[in-house]
Each structure stands twice: as structure tokens, then as C-alpha cells.
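S.K.: Okay, here's the structure, questions in a sec.
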Amino acid sequence: MPASQKSGKIFYMLRPSREGQPPFVDIKLPGGTTIRQVDEAIHRKALSNAAKALKERLD
């Protein structure tokens with residue numbers, strides 16, 4: 001893997017849910033920066049699951 005990809009940054013953007021679209025889309029910019037567009041519904045589900053897991057650990 002080139003050094004630029006190892007040291008690059010990843011930025012996340014939410015996008016509206018669309019049927020038939022992949023859950024994640026990566027846009028790679030020069031210099032190793034990646035913009036990852038994440039389906040909003042999947043993001044909300046992941047947050048919900050994380051909150052449940054945290055609550056179970058704290059109880």
C-alpha cells in the first residue's frame with residue numbers, strides 16, 4: 001500500500017437513503033484523502049446498536 005494511503009485522512013458524510021444504492025461509497029482524492037458517504041439509515045441503526053451495547057455494559 002502506498003504511503004499516501006496509509007497517512008491519508010477519511011472524512012464521513014451522511015447521504016439520504018436510496019434503494020438500490022450501496023451502503024458506503026468512497027471517493028478518493030489526490031493526496032490520500034478519502035470521503036466516505038454513508039447511508040443515513042445504516043448510520044442511525046449503528047448508533048442505536050452502539051447505544052444498546054453501552055447501556056447493557058453499564059447496567
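By convention here, the chains of the C-alpha cells are called A, B, ... in the order presented, each chain's residues are numbered starting at 1, and ligands are numbered starting at 1 in the order presented.
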Identify all residues of chain A in alpha helix (DSSP H) (DSSP on the backbone) and supply them as a short mmCIF file (atom, residue, chain, number, x, y, z; two decimals) with N, CA and C atoms, in the first residue's frame.

M.R.:
data_model
loop_
_atom_site.label_atom_id
_atom_site.label_comp_id
_atom_site.auth_asym_id
_atom_site.auth_seq_id
_atom_site.Cartn_x
_atom_site.Cartn_y
_atom_site.Cartn_z
N ALA A 3 2.43 4.90 0.71
CA ALA A 3 2.47 5.66 1.96
C ALA A 3 1.36 6.71 2.01
N SER A 4 0.98 7.27 0.86
CA SER A 4 -0.05 8.32 0.86
C SER A 4 -1.39 7.78 1.35
N GLN A 5 -1.68 6.51 1.07
CA GLN A 5 -2.94 5.94 1.54
C GLN A 5 -2.89 5.65 3.03
N LYS A 6 -1.73 5.28 3.54
CA LYS A 6 -1.60 5.00 4.97
C LYS A 6 -1.76 6.27 5.79
N SER A 7 -1.21 7.37 5.29
CA SER A 7 -1.24 8.60 6.06
C SER A 7 -2.43 9.48 5.70
N GLU A 40 -27.67 7.12 5.50
CA GLU A 40 -28.16 7.66 6.77
C GLU A 40 -28.89 6.61 7.61
N ALA A 41 -29.66 5.75 6.99
CA ALA A 41 -30.40 4.72 7.73
C ALA A 41 -29.44 3.74 8.40
N ILE A 42 -28.39 3.36 7.72
CA ILE A 42 -27.41 2.45 8.29
C ILE A 42 -26.67 3.12 9.44
N HIS A 43 -26.36 4.39 9.29
CA HIS A 43 -25.70 5.15 10.34
C HIS A 43 -26.57 5.19 11.60
N ARG A 44 -27.84 5.48 11.43
CA ARG A 44 -28.76 5.53 12.58
C ARG A 44 -28.86 4.17 13.27
N LYS A 45 -28.92 3.10 12.48
CA LYS A 45 -29.00 1.75 13.04
C LYS A 45 -27.73 1.42 13.83
N ALA A 46 -26.57 1.81 13.31
CA ALA A 46 -25.31 1.56 14.01
C ALA A 46 -25.26 2.34 15.33
N LEU A 47 -25.74 3.58 15.33
CA LEU A 47 -25.78 4.36 16.57
C LEU A 47 -26.71 3.71 17.59
N SER A 48 -27.83 3.23 17.13
CA SER A 48 -28.80 2.58 18.02
C SER A 48 -28.18 1.32 18.64
N ASN A 49 -27.52 0.52 17.82
CA ASN A 49 -26.88 -0.70 18.33
C ASN A 49 -25.78 -0.37 19.33
N ALA A 50 -25.00 0.67 19.06
CA ALA A 50 -23.93 1.07 19.96
C ALA A 50 -24.50 1.55 21.29
N ALA A 51 -25.60 2.30 21.26
CA ALA A 51 -26.23 2.79 22.48
C ALA A 51 -26.77 1.63 23.31
N LYS A 52 -27.37 0.62 22.65
CA LYS A 52 -27.87 -0.55 23.37
C LYS A 52 -26.74 -1.31 24.03
N ALA A 53 -25.63 -1.51 23.29
CA ALA A 53 -24.49 -2.24 23.84
C ALA A 53 -23.89 -1.49 25.04
N LEU A 54 -23.79 -0.19 24.93
CA LEU A 54 -23.24 0.61 26.05
C LEU A 54 -24.15 0.52 27.26
N LYS A 55 -25.45 0.62 27.04
CA LYS A 55 -26.40 0.55 28.15
C LYS A 55 -26.32 -0.79 28.85
N GLU A 56 -26.19 -1.88 28.07
CA GLU A 56 -26.06 -3.22 28.66
C GLU A 56 -24.79 -3.34 29.50
N ARG A 57 -23.71 -2.73 29.04
CA ARG A 57 -22.45 -2.79 29.79
C ARG A 57 -22.55 -2.01 31.10
N LEU A 58 -23.28 -0.91 31.08
CA LEU A 58 -23.37 -0.06 32.26
C LEU A 58 -24.36 -0.58 33.29
#

S.K.: Give me, please, the distance in Å between CA of Val38 (chain A) and CA of Lys9 (chain A), quoted to one decimal.

M.R.: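 Between these atoms lies a distance of 15.9 Å.
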
S.K.: Find the residues around Lys28 (chain A) up to 12 Å (only C-alpha atoms counted), leave out those fewer than 2 positions away in its own chain, and share them as a count of residues only.

M.R.: 16

S.K.: Just the strand (DSSP E) stuff from chain A, please, per backbone DSSP, written as an mmCIF file with C-alpha atoms, in the first residue's frame.

M.R.:
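File selection_14.cif, as written:
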data_model
loop_
_atom_site.group_PDB
_atom_site.id
_atom_site.type_symbol
_atom_site.label_atom_id
_atom_site.label_comp_id
_atom_site.auth_asym_id
_atom_site.auth_seq_id
_atom_site.Cartn_x
_atom_site.Cartn_y
_atom_site.Cartn_z
ATOM 1 C CA ILE A 10 -11.008 9.696 5.961
ATOM 2 C CA PHE A 11 -13.981 12.041 6.232
ATOM 3 C CA TYR A 12 -17.514 10.736 6.664
ATOM 4 C CA MET A 13 -20.629 12.296 5.144
ATOM 5 C CA LEU A 14 -24.201 11.127 5.582
ATOM 6 C CA ARG A 15 -26.344 10.824 2.496
ATOM 7 C CA PHE A 24 -20.953 3.050 1.537
ATOM 8 C CA VAL A 25 -19.356 4.968 -1.318
ATOM 9 C CA ASP A 26 -15.703 6.000 -1.159
ATOM 10 C CA ILE A 27 -14.435 8.996 -3.105
ATOM 11 C CA LYS A 28 -10.632 9.101 -3.180
ATOM 12 C CA THR A 34 -10.956 9.685 1.258
ATOM 13 C CA ILE A 35 -14.528 10.891 1.574
ATOM 14 C CA ARG A 36 -16.819 8.062 2.639
ATOM 15 C CA GLN A 37 -20.506 8.661 2.035
ATOM 16 C CA VAL A 38 -22.610 6.575 4.416
ATOM 17 C CA ASP A 39 -26.293 5.741 4.056
#
